[in-house]
>>> print(open('upload12.txt').read())   # compact mmCIF, N, CA and C atoms
# COMPACT_ATOMS: atom_id res chain seq x y z
N MET C 18 100.15 -20.34 -23.55
CA MET C 18 99.11 -20.57 -24.52
C MET C 18 99.62 -21.61 -25.50
N THR C 19 98.80 -22.60 -25.78
CA THR C 19 99.24 -23.69 -26.63
C THR C 19 98.58 -23.70 -28.00
N GLU C 20 97.53 -22.91 -28.18
CA GLU C 20 96.86 -22.92 -29.47
C GLU C 20 97.00 -21.57 -30.16
N SER C 21 96.94 -21.60 -31.47
CA SER C 21 97.08 -20.38 -32.26
C SER C 21 95.86 -19.50 -32.08
N ILE C 22 96.04 -18.22 -32.34
CA ILE C 22 94.96 -17.25 -32.29
C ILE C 22 94.57 -16.90 -33.71
N SER C 23 93.30 -17.01 -34.03
CA SER C 23 92.81 -16.64 -35.35
C SER C 23 91.92 -15.43 -35.23
N ASN C 24 92.18 -14.43 -36.08
CA ASN C 24 91.42 -13.19 -36.05
C ASN C 24 91.36 -12.62 -37.45
N ASP C 25 90.16 -12.53 -38.03
CA ASP C 25 89.94 -11.97 -39.36
C ASP C 25 90.82 -12.63 -40.42
N GLY C 26 90.87 -13.95 -40.41
CA GLY C 26 91.63 -14.69 -41.42
C GLY C 26 93.12 -14.73 -41.18
N LEU C 27 93.58 -14.21 -40.08
CA LEU C 27 95.01 -14.21 -39.74
C LEU C 27 95.22 -15.15 -38.56
N THR C 28 96.18 -16.05 -38.68
CA THR C 28 96.50 -16.97 -37.59
C THR C 28 97.86 -16.58 -37.02
N ILE C 29 97.89 -16.43 -35.71
CA ILE C 29 99.11 -15.98 -35.02
C ILE C 29 99.53 -17.06 -34.04
N ALA C 30 100.79 -17.45 -34.10
CA ALA C 30 101.33 -18.46 -33.20
C ALA C 30 101.34 -17.93 -31.77
N PRO C 31 101.10 -18.81 -30.80
CA PRO C 31 101.06 -18.37 -29.40
C PRO C 31 102.34 -17.70 -28.94
N GLY C 32 103.48 -18.17 -29.39
CA GLY C 32 104.75 -17.57 -28.98
C GLY C 32 104.89 -16.14 -29.44
N VAL C 33 104.29 -15.82 -30.57
CA VAL C 33 104.34 -14.45 -31.08
C VAL C 33 103.56 -13.53 -30.14
N VAL C 34 102.39 -13.95 -29.73
CA VAL C 34 101.58 -13.14 -28.82
C VAL C 34 102.28 -12.96 -27.48
N GLU C 35 102.86 -14.03 -26.97
CA GLU C 35 103.58 -13.94 -25.70
C GLU C 35 104.78 -13.01 -25.79
N THR C 36 105.47 -13.03 -26.92
CA THR C 36 106.61 -12.15 -27.12
C THR C 36 106.16 -10.69 -27.19
N ILE C 37 105.06 -10.43 -27.89
CA ILE C 37 104.52 -9.07 -27.98
C ILE C 37 104.17 -8.56 -26.59
N VAL C 38 103.54 -9.39 -25.78
CA VAL C 38 103.17 -8.99 -24.42
C VAL C 38 104.42 -8.76 -23.58
N SER C 39 105.39 -9.64 -23.71
CA SER C 39 106.62 -9.51 -22.94
C SER C 39 107.34 -8.20 -23.24
N ILE C 40 107.40 -7.84 -24.51
CA ILE C 40 108.06 -6.58 -24.89
C ILE C 40 107.29 -5.39 -24.33
N ALA C 41 105.96 -5.43 -24.43
CA ALA C 41 105.14 -4.34 -23.88
C ALA C 41 105.36 -4.18 -22.38
N VAL C 42 105.41 -5.30 -21.67
CA VAL C 42 105.63 -5.25 -20.22
C VAL C 42 107.02 -4.72 -19.90
N SER C 43 108.02 -5.16 -20.63
CA SER C 43 109.40 -4.75 -20.34
C SER C 43 109.62 -3.26 -20.58
N GLU C 44 108.77 -2.63 -21.40
CA GLU C 44 108.91 -1.20 -21.69
C GLU C 44 108.20 -0.31 -20.68
N VAL C 45 107.50 -0.90 -19.71
CA VAL C 45 106.83 -0.12 -18.68
C VAL C 45 107.88 0.44 -17.72
N ASP C 46 107.77 1.71 -17.41
CA ASP C 46 108.71 2.37 -16.51
C ASP C 46 108.68 1.70 -15.14
N GLY C 47 109.84 1.29 -14.66
CA GLY C 47 109.96 0.64 -13.36
C GLY C 47 110.16 -0.86 -13.44
N VAL C 48 109.87 -1.46 -14.60
CA VAL C 48 110.06 -2.90 -14.76
C VAL C 48 111.54 -3.16 -15.03
N ALA C 49 112.15 -3.94 -14.15
CA ALA C 49 113.56 -4.29 -14.31
C ALA C 49 113.73 -5.48 -15.24
N GLN C 50 112.81 -6.45 -15.13
CA GLN C 50 112.92 -7.67 -15.93
C GLN C 50 111.58 -8.38 -15.92
N VAL C 51 111.26 -9.02 -17.04
CA VAL C 51 110.07 -9.85 -17.12
C VAL C 51 110.49 -11.27 -16.74
N GLY C 52 109.76 -11.88 -15.84
CA GLY C 52 110.09 -13.23 -15.38
C GLY C 52 110.60 -13.19 -13.96
N ALA C 53 110.38 -14.27 -13.26
CA ALA C 53 110.80 -14.38 -11.87
C ALA C 53 112.30 -14.69 -11.80
N PRO C 54 112.98 -14.15 -10.80
CA PRO C 54 114.41 -14.45 -10.66
C PRO C 54 114.62 -15.85 -10.11
N SER C 55 115.65 -16.49 -10.60
CA SER C 55 116.06 -17.77 -10.00
C SER C 55 117.51 -18.01 -10.34
N LEU C 56 118.18 -18.70 -9.48
CA LEU C 56 119.59 -18.99 -9.69
C LEU C 56 119.79 -19.83 -10.94
N SER C 57 118.91 -20.81 -11.14
CA SER C 57 119.08 -21.68 -12.30
C SER C 57 118.87 -20.91 -13.59
N ASN C 58 117.92 -19.95 -13.62
CA ASN C 58 117.73 -19.14 -14.82
C ASN C 58 118.93 -18.25 -15.08
N SER C 59 119.53 -17.70 -14.03
CA SER C 59 120.71 -16.85 -14.20
C SER C 59 121.87 -17.65 -14.76
N PHE C 60 122.07 -18.85 -14.24
CA PHE C 60 123.15 -19.70 -14.72
C PHE C 60 122.90 -20.13 -16.15
N LYS C 61 121.65 -20.53 -16.43
CA LYS C 61 121.29 -20.99 -17.76
C LYS C 61 121.42 -19.87 -18.79
N SER C 62 121.06 -18.63 -18.41
CA SER C 62 121.07 -17.53 -19.36
C SER C 62 122.49 -17.17 -19.80
N ALA C 63 123.48 -17.55 -19.01
CA ALA C 63 124.86 -17.29 -19.40
C ALA C 63 125.28 -18.14 -20.59
N PHE C 64 124.59 -19.25 -20.80
CA PHE C 64 124.98 -20.18 -21.85
C PHE C 64 123.95 -20.35 -22.96
N THR C 65 122.74 -19.86 -22.77
CA THR C 65 121.70 -20.02 -23.77
C THR C 65 121.03 -18.69 -24.05
N ARG C 66 120.25 -18.67 -25.13
CA ARG C 66 119.49 -17.47 -25.47
C ARG C 66 118.33 -17.32 -24.51
N HIS C 67 118.05 -16.09 -24.16
CA HIS C 67 116.93 -15.79 -23.25
C HIS C 67 115.62 -15.89 -24.01
N ASN C 68 114.65 -16.56 -23.44
CA ASN C 68 113.31 -16.63 -24.02
C ASN C 68 112.59 -15.34 -23.67
N PRO C 69 112.27 -14.50 -24.66
CA PRO C 69 111.68 -13.20 -24.36
C PRO C 69 110.30 -13.28 -23.71
N ALA C 70 109.62 -14.40 -23.87
CA ALA C 70 108.28 -14.54 -23.30
C ALA C 70 108.28 -15.21 -21.93
N GLN C 71 109.45 -15.48 -21.39
CA GLN C 71 109.53 -16.08 -20.06
C GLN C 71 108.82 -15.17 -19.07
N GLY C 72 107.96 -15.74 -18.24
CA GLY C 72 107.24 -14.95 -17.26
C GLY C 72 105.88 -14.48 -17.73
N ILE C 73 105.49 -14.82 -18.96
CA ILE C 73 104.19 -14.44 -19.52
C ILE C 73 103.38 -15.69 -19.78
N LEU C 74 102.15 -15.70 -19.32
CA LEU C 74 101.24 -16.81 -19.58
C LEU C 74 99.93 -16.22 -20.08
N ILE C 75 99.46 -16.74 -21.22
CA ILE C 75 98.20 -16.28 -21.79
C ILE C 75 97.27 -17.47 -21.90
N THR C 76 96.06 -17.31 -21.37
CA THR C 76 95.04 -18.36 -21.47
C THR C 76 93.80 -17.76 -22.11
N ALA C 77 93.00 -18.63 -22.70
CA ALA C 77 91.76 -18.19 -23.34
C ALA C 77 90.62 -19.06 -22.86
N GLU C 78 89.53 -18.41 -22.50
CA GLU C 78 88.32 -19.10 -22.11
C GLU C 78 87.13 -18.36 -22.70
N GLU C 79 86.32 -19.08 -23.48
CA GLU C 79 85.11 -18.51 -24.06
C GLU C 79 85.39 -17.21 -24.81
N GLY C 80 86.45 -17.18 -25.59
CA GLY C 80 86.77 -16.00 -26.38
C GLY C 80 87.39 -14.85 -25.61
N GLN C 81 87.63 -15.03 -24.33
CA GLN C 81 88.24 -14.00 -23.50
C GLN C 81 89.67 -14.42 -23.17
N PHE C 82 90.59 -13.47 -23.23
CA PHE C 82 91.99 -13.77 -22.94
C PHE C 82 92.36 -13.22 -21.58
N GLN C 83 93.09 -14.05 -20.83
CA GLN C 83 93.64 -13.64 -19.55
C GLN C 83 95.16 -13.72 -19.64
N VAL C 84 95.81 -12.72 -19.10
CA VAL C 84 97.27 -12.65 -19.15
C VAL C 84 97.80 -12.65 -17.73
N THR C 85 98.85 -13.43 -17.51
CA THR C 85 99.58 -13.42 -16.24
C THR C 85 101.01 -13.00 -16.55
N ALA C 86 101.49 -11.99 -15.82
CA ALA C 86 102.84 -11.49 -16.04
C ALA C 86 103.61 -11.52 -14.71
N HIS C 87 104.77 -12.16 -14.73
CA HIS C 87 105.68 -12.16 -13.57
C HIS C 87 106.80 -11.18 -13.89
N VAL C 88 107.05 -10.24 -12.98
CA VAL C 88 108.05 -9.20 -13.23
C VAL C 88 108.91 -8.96 -12.00
N GLN C 89 110.04 -8.33 -12.28
CA GLN C 89 110.91 -7.79 -11.25
C GLN C 89 110.87 -6.27 -11.43
N VAL C 90 110.78 -5.54 -10.34
CA VAL C 90 110.61 -4.10 -10.40
C VAL C 90 111.80 -3.41 -9.72
N TYR C 91 112.18 -2.26 -10.28
CA TYR C 91 113.26 -1.48 -9.67
C TYR C 91 112.79 -0.87 -8.35
N TYR C 92 113.69 -0.83 -7.38
CA TYR C 92 113.42 -0.19 -6.10
C TYR C 92 113.14 1.29 -6.34
N GLY C 93 112.18 1.82 -5.58
CA GLY C 93 111.87 3.25 -5.67
C GLY C 93 110.61 3.55 -6.46
N TYR C 94 110.07 2.57 -7.15
CA TYR C 94 108.83 2.75 -7.90
C TYR C 94 107.66 2.28 -7.05
N ARG C 95 106.56 2.97 -7.16
CA ARG C 95 105.34 2.57 -6.44
C ARG C 95 104.78 1.33 -7.14
N LEU C 96 104.76 0.23 -6.42
CA LEU C 96 104.41 -1.07 -7.01
C LEU C 96 103.01 -1.07 -7.61
N HIS C 97 102.07 -0.44 -6.95
CA HIS C 97 100.70 -0.39 -7.45
C HIS C 97 100.65 0.33 -8.81
N ASP C 98 101.39 1.41 -8.93
CA ASP C 98 101.42 2.16 -10.20
C ASP C 98 102.06 1.34 -11.32
N VAL C 99 103.14 0.63 -11.00
CA VAL C 99 103.79 -0.21 -12.01
C VAL C 99 102.82 -1.28 -12.49
N ALA C 100 102.12 -1.92 -11.57
CA ALA C 100 101.16 -2.97 -11.94
C ALA C 100 100.04 -2.40 -12.80
N ASP C 101 99.51 -1.23 -12.44
CA ASP C 101 98.47 -0.60 -13.25
C ASP C 101 98.97 -0.28 -14.65
N ASN C 102 100.21 0.21 -14.74
CA ASN C 102 100.78 0.54 -16.05
C ASN C 102 101.02 -0.71 -16.89
N ILE C 103 101.37 -1.82 -16.25
CA ILE C 103 101.54 -3.09 -16.96
C ILE C 103 100.19 -3.54 -17.51
N ARG C 104 99.15 -3.48 -16.69
CA ARG C 104 97.81 -3.87 -17.15
C ARG C 104 97.38 -3.06 -18.37
N ALA C 105 97.58 -1.75 -18.31
CA ALA C 105 97.19 -0.88 -19.42
C ALA C 105 98.02 -1.18 -20.67
N ALA C 106 99.32 -1.38 -20.50
CA ALA C 106 100.20 -1.66 -21.65
C ALA C 106 99.81 -2.96 -22.34
N VAL C 107 99.51 -3.99 -21.56
CA VAL C 107 99.13 -5.28 -22.13
C VAL C 107 97.82 -5.16 -22.90
N ALA C 108 96.82 -4.55 -22.28
CA ALA C 108 95.51 -4.41 -22.94
C ALA C 108 95.62 -3.58 -24.22
N ASP C 109 96.32 -2.46 -24.17
CA ASP C 109 96.48 -1.60 -25.34
C ASP C 109 97.25 -2.30 -26.45
N THR C 110 98.32 -3.00 -26.09
CA THR C 110 99.16 -3.66 -27.09
C THR C 110 98.41 -4.79 -27.78
N LEU C 111 97.71 -5.62 -27.01
CA LEU C 111 96.99 -6.73 -27.64
C LEU C 111 95.83 -6.23 -28.50
N ALA C 112 95.15 -5.20 -28.05
CA ALA C 112 94.05 -4.64 -28.86
C ALA C 112 94.59 -4.00 -30.13
N GLY C 113 95.69 -3.28 -30.02
CA GLY C 113 96.24 -2.57 -31.16
C GLY C 113 96.98 -3.43 -32.16
N GLN C 114 97.80 -4.36 -31.69
CA GLN C 114 98.65 -5.14 -32.59
C GLN C 114 98.04 -6.46 -33.02
N VAL C 115 97.23 -7.06 -32.16
CA VAL C 115 96.70 -8.39 -32.46
C VAL C 115 95.19 -8.34 -32.71
N GLY C 116 94.53 -7.33 -32.18
CA GLY C 116 93.10 -7.21 -32.37
C GLY C 116 92.28 -8.07 -31.44
N ILE C 117 92.83 -8.40 -30.28
CA ILE C 117 92.08 -9.18 -29.30
C ILE C 117 91.94 -8.37 -28.02
N SER C 118 90.85 -8.62 -27.31
CA SER C 118 90.65 -7.93 -26.05
C SER C 118 91.04 -8.85 -24.90
N VAL C 119 91.35 -8.23 -23.80
CA VAL C 119 91.81 -8.97 -22.62
C VAL C 119 90.81 -8.74 -21.50
N SER C 120 90.38 -9.83 -20.89
CA SER C 120 89.42 -9.70 -19.79
C SER C 120 90.12 -9.47 -18.45
N ARG C 121 91.37 -9.92 -18.34
CA ARG C 121 92.07 -9.80 -17.06
C ARG C 121 93.57 -9.85 -17.29
N VAL C 122 94.30 -9.02 -16.53
CA VAL C 122 95.76 -9.07 -16.51
C VAL C 122 96.19 -9.16 -15.05
N ASP C 123 96.75 -10.31 -14.69
CA ASP C 123 97.27 -10.51 -13.34
C ASP C 123 98.77 -10.22 -13.34
N VAL C 124 99.20 -9.39 -12.42
CA VAL C 124 100.61 -9.01 -12.32
C VAL C 124 101.17 -9.55 -11.01
N PHE C 125 102.26 -10.29 -11.11
CA PHE C 125 102.97 -10.81 -9.94
C PHE C 125 104.33 -10.13 -9.88
N ILE C 126 104.56 -9.36 -8.83
CA ILE C 126 105.86 -8.74 -8.63
C ILE C 126 106.65 -9.71 -7.76
N ASP C 127 107.60 -10.38 -8.40
CA ASP C 127 108.34 -11.46 -7.75
C ASP C 127 109.58 -11.00 -7.01
N SER C 128 110.08 -9.81 -7.35
CA SER C 128 111.23 -9.30 -6.63
C SER C 128 111.42 -7.82 -6.93
N VAL C 129 112.25 -7.21 -6.11
CA VAL C 129 112.63 -5.81 -6.29
C VAL C 129 114.14 -5.79 -6.50
N GLN C 130 114.55 -5.09 -7.54
CA GLN C 130 115.99 -4.96 -7.81
C GLN C 130 116.49 -3.63 -7.28
N PHE C 131 117.61 -3.68 -6.60
CA PHE C 131 118.22 -2.49 -6.04
C PHE C 131 119.35 -2.02 -6.95
N PRO C 132 119.65 -0.72 -6.93
CA PRO C 132 120.77 -0.23 -7.74
C PRO C 132 122.07 -0.89 -7.31
N GLU C 133 122.94 -1.11 -8.26
CA GLU C 133 124.22 -1.77 -7.95
C GLU C 133 125.25 -0.77 -7.52
>>> encode(input="upload12.txt", output="structure tokens")
Amino acid sequence: MTESISNDGLTIAPGVVETIVSIAVSEVDGVAQVGAPSLSNSFKSAFTRHNPAQGILITAEEGQFQVTAHVQVYYGYRLHDVADNIRAAVADTLAGQVGISVSRVDVFIDSVQFPE
């Protein structure tokens, strides 16, 4: 999201909303990590701060917000249930903390993490 969100005289930077969504998603049971795995991200994260909103994309069309979340899920969790819980967490969090409704939450499960 590149533009600020204004609601009842309050303007919220897009990065704040993405961070709120990222935290909500990361707290869902079964989510190992928000964002798709990649070798370059793993190498980069060893030397730089992690962007908490990585893997979250929010778009707005005609006053409706759509959220896309890329996640990694722990092995042993039912993927459909994790995705449903992510959708509910995002909708509840944005309605409760920011005061905006979400028309759609797309969840992409990019990998499964196994116990070490």
>>> atom_distance(input="upload12.txt", atom1="atom C of Phe125 (chain C)", atom2="CA of Ser43 (chain C)")
12.8 Å
>>> closest_residue(input="upload12.txt", among="C:Gly72, C:Gly52, C:Gly116, C:Gly32", to="Gln89 (chain C)", atoms="only C-alpha atoms")
C:Gly52
>>> select_by_dssp(input="upload12.txt", residues="chain C", states="strand (DSSP E)", output="NGL selection string")
:C and (22-24 or 27-29 or 48-51 or 73-78 or 81-91 or 119-130)
>>> write_last_selection(input="upload12.txt", atoms="N, CA and C atoms", output="mmCIF file, in the coordinates of the input")
data_model
loop_
_atom_site.group_PDB
_atom_site.id
_atom_site.type_symbol
_atom_site.label_atom_id
_atom_site.label_comp_id
_atom_site.auth_asym_id
_atom_site.auth_seq_id
_atom_site.Cartn_x
_atom_site.Cartn_y
_atom_site.Cartn_z
ATOM 1 N N ILE C 22 96.040 -18.220 -32.340
ATOM 2 C CA ILE C 22 94.960 -17.250 -32.290
ATOM 3 C C ILE C 22 94.570 -16.900 -33.710
ATOM 4 N N SER C 23 93.300 -17.010 -34.030
ATOM 5 C CA SER C 23 92.810 -16.640 -35.350
ATOM 6 C C SER C 23 91.920 -15.430 -35.230
ATOM 7 N N ASN C 24 92.180 -14.430 -36.080
ATOM 8 C CA ASN C 24 91.420 -13.190 -36.050
ATOM 9 C C ASN C 24 91.360 -12.620 -37.450
ATOM 10 N N LEU C 27 93.580 -14.210 -40.080
ATOM 11 C CA LEU C 27 95.010 -14.210 -39.740
ATOM 12 C C LEU C 27 95.220 -15.150 -38.560
ATOM 13 N N THR C 28 96.180 -16.050 -38.680
ATOM 14 C CA THR C 28 96.500 -16.970 -37.590
ATOM 15 C C THR C 28 97.860 -16.580 -37.020
ATOM 16 N N ILE C 29 97.890 -16.430 -35.710
ATOM 17 C CA ILE C 29 99.110 -15.980 -35.020
ATOM 18 C C ILE C 29 99.530 -17.060 -34.040
ATOM 19 N N VAL C 48 109.870 -1.460 -14.600
ATOM 20 C CA VAL C 48 110.060 -2.900 -14.760
ATOM 21 C C VAL C 48 111.540 -3.160 -15.030
ATOM 22 N N ALA C 49 112.150 -3.940 -14.150
ATOM 23 C CA ALA C 49 113.560 -4.290 -14.310
ATOM 24 C C ALA C 49 113.730 -5.480 -15.240
ATOM 25 N N GLN C 50 112.810 -6.450 -15.130
ATOM 26 C CA GLN C 50 112.920 -7.670 -15.930
ATOM 27 C C GLN C 50 111.580 -8.380 -15.920
ATOM 28 N N VAL C 51 111.260 -9.020 -17.040
ATOM 29 C CA VAL C 51 110.070 -9.850 -17.120
ATOM 30 C C VAL C 51 110.490 -11.270 -16.740
ATOM 31 N N ILE C 73 105.490 -14.820 -18.960
ATOM 32 C CA ILE C 73 104.190 -14.440 -19.520
ATOM 33 C C ILE C 73 103.380 -15.690 -19.780
ATOM 34 N N LEU C 74 102.150 -15.700 -19.320
ATOM 35 C CA LEU C 74 101.240 -16.810 -19.580
ATOM 36 C C LEU C 74 99.930 -16.220 -20.080
ATOM 37 N N ILE C 75 99.460 -16.740 -21.220
ATOM 38 C CA ILE C 75 98.200 -16.280 -21.790
ATOM 39 C C ILE C 75 97.270 -17.470 -21.900
ATOM 40 N N THR C 76 96.060 -17.310 -21.370
ATOM 41 C CA THR C 76 95.040 -18.360 -21.470
ATOM 42 C C THR C 76 93.800 -17.760 -22.110
ATOM 43 N N ALA C 77 93.000 -18.630 -22.700
ATOM 44 C CA ALA C 77 91.760 -18.190 -23.340
ATOM 45 C C ALA C 77 90.620 -19.060 -22.860
ATOM 46 N N GLU C 78 89.530 -18.410 -22.500
ATOM 47 C CA GLU C 78 88.320 -19.100 -22.110
ATOM 48 C C GLU C 78 87.130 -18.360 -22.700
ATOM 49 N N GLN C 81 87.630 -15.030 -24.330
ATOM 50 C CA GLN C 81 88.240 -14.000 -23.500
ATOM 51 C C GLN C 81 89.670 -14.420 -23.170
ATOM 52 N N PHE C 82 90.590 -13.470 -23.230
ATOM 53 C CA PHE C 82 91.990 -13.770 -22.940
ATOM 54 C C PHE C 82 92.360 -13.220 -21.580
ATOM 55 N N GLN C 83 93.090 -14.050 -20.830
ATOM 56 C CA GLN C 83 93.640 -13.640 -19.550
ATOM 57 C C GLN C 83 95.160 -13.720 -19.640
ATOM 58 N N VAL C 84 95.810 -12.720 -19.100
ATOM 59 C CA VAL C 84 97.270 -12.650 -19.150
ATOM 60 C C VAL C 84 97.800 -12.650 -17.730
ATOM 61 N N THR C 85 98.850 -13.430 -17.510
ATOM 62 C CA THR C 85 99.580 -13.420 -16.240
ATOM 63 C C THR C 85 101.010 -13.000 -16.550
ATOM 64 N N ALA C 86 101.490 -11.990 -15.820
ATOM 65 C CA ALA C 86 102.840 -11.490 -16.040
ATOM 66 C C ALA C 86 103.610 -11.520 -14.710
ATOM 67 N N HIS C 87 104.770 -12.160 -14.730
ATOM 68 C CA HIS C 87 105.680 -12.160 -13.570
ATOM 69 C C HIS C 87 106.800 -11.180 -13.890
ATOM 70 N N VAL C 88 107.050 -10.240 -12.980
ATOM 71 C CA VAL C 88 108.050 -9.200 -13.230
ATOM 72 C C VAL C 88 108.910 -8.960 -12.000
ATOM 73 N N GLN C 89 110.040 -8.330 -12.280
ATOM 74 C CA GLN C 89 110.910 -7.790 -11.250
ATOM 75 C C GLN C 89 110.870 -6.270 -11.430
ATOM 76 N N VAL C 90 110.780 -5.540 -10.340
ATOM 77 C CA VAL C 90 110.610 -4.100 -10.400
ATOM 78 C C VAL C 90 111.800 -3.410 -9.720
ATOM 79 N N TYR C 91 112.180 -2.260 -10.280
ATOM 80 C CA TYR C 91 113.260 -1.480 -9.670
ATOM 81 C C TYR C 91 112.790 -0.870 -8.350
ATOM 82 N N VAL C 119 91.350 -8.230 -23.800
ATOM 83 C CA VAL C 119 91.810 -8.970 -22.620
ATOM 84 C C VAL C 119 90.810 -8.740 -21.500
ATOM 85 N N SER C 120 90.380 -9.830 -20.890
ATOM 86 C CA SER C 120 89.420 -9.700 -19.790
ATOM 87 C C SER C 120 90.120 -9.470 -18.450
ATOM 88 N N ARG C 121 91.370 -9.920 -18.340
ATOM 89 C CA ARG C 121 92.070 -9.800 -17.060
ATOM 90 C C ARG C 121 93.570 -9.850 -17.290
ATOM 91 N N VAL C 122 94.300 -9.020 -16.530
ATOM 92 C CA VAL C 122 95.760 -9.070 -16.510
ATOM 93 C C VAL C 122 96.190 -9.160 -15.050
ATOM 94 N N ASP C 123 96.750 -10.310 -14.690
ATOM 95 C CA ASP C 123 97.270 -10.510 -13.340
ATOM 96 C C ASP C 123 98.770 -10.220 -13.340
ATOM 97 N N VAL C 124 99.200 -9.390 -12.420
ATOM 98 C CA VAL C 124 100.610 -9.010 -12.320
ATOM 99 C C VAL C 124 101.170 -9.550 -11.010
ATOM 100 N N PHE C 125 102.260 -10.290 -11.110
ATOM 101 C CA PHE C 125 102.970 -10.810 -9.940
ATOM 102 C C PHE C 125 104.330 -10.130 -9.880
ATOM 103 N N ILE C 126 104.560 -9.360 -8.830
ATOM 104 C CA ILE C 126 105.860 -8.740 -8.630
ATOM 105 C C ILE C 126 106.650 -9.710 -7.760
ATOM 106 N N ASP C 127 107.600 -10.380 -8.400
ATOM 107 C CA ASP C 127 108.340 -11.460 -7.750
ATOM 108 C C ASP C 127 109.580 -11.000 -7.010
ATOM 109 N N SER C 128 110.080 -9.810 -7.350
ATOM 110 C CA SER C 128 111.230 -9.300 -6.630
ATOM 111 C C SER C 128 111.420 -7.820 -6.930
ATOM 112 N N VAL C 129 112.250 -7.210 -6.110
ATOM 113 C CA VAL C 129 112.630 -5.810 -6.290
ATOM 114 C C VAL C 129 114.140 -5.790 -6.500
ATOM 115 N N GLN C 130 114.550 -5.090 -7.540
ATOM 116 C CA GLN C 130 115.990 -4.960 -7.810
ATOM 117 C C GLN C 130 116.490 -3.630 -7.280
#
>>> residues_near_point(input="upload12.txt", point="(110.9, -8.1, -6.9)", cutoff="9 Å", atoms="only C-alpha atoms", output="PyMOL selection string")
chain C and resi 49+53-54+88-92+125-130
>>> residues_around(input="upload12.txt", residues="Arg121 (chain C)", least_positions_apart="4", cutoff="7 Å", atoms="only N, CA and C atoms", output="VMD selection string")
chain C and resid 81 to 85
>>> select_by_dssp(input="upload12.txt", residues="chain C", states="helix (DSSP H, G or I)", output="PyMOL selection string")
chain C and resi 31-43+56-62+96-115
>>> atom_distance(input="upload12.txt", atom1="CA of Gly47 (chain C)", atom2="CA of Ile73 (chain C)")
17.3 Å
>>> atom_distance(input="upload12.txt", atom1="CA of Glu79 (chain C)", atom2="CA of Asn102 (chain C)")
25.9 Å
>>> residues_around(input="upload12.txt", residues="Val38 (chain C)", least_positions_apart="4", cutoff="8 Å", atoms="only N, CA and C atoms", output="count of residues only")
13
>>> closest_residue(input="upload12.txt", among="C:Val45, C:Ile37, C:Ala30, C:Val119", to="Gly80 (chain C)", atoms="all atoms listed in the file")
C:Val119
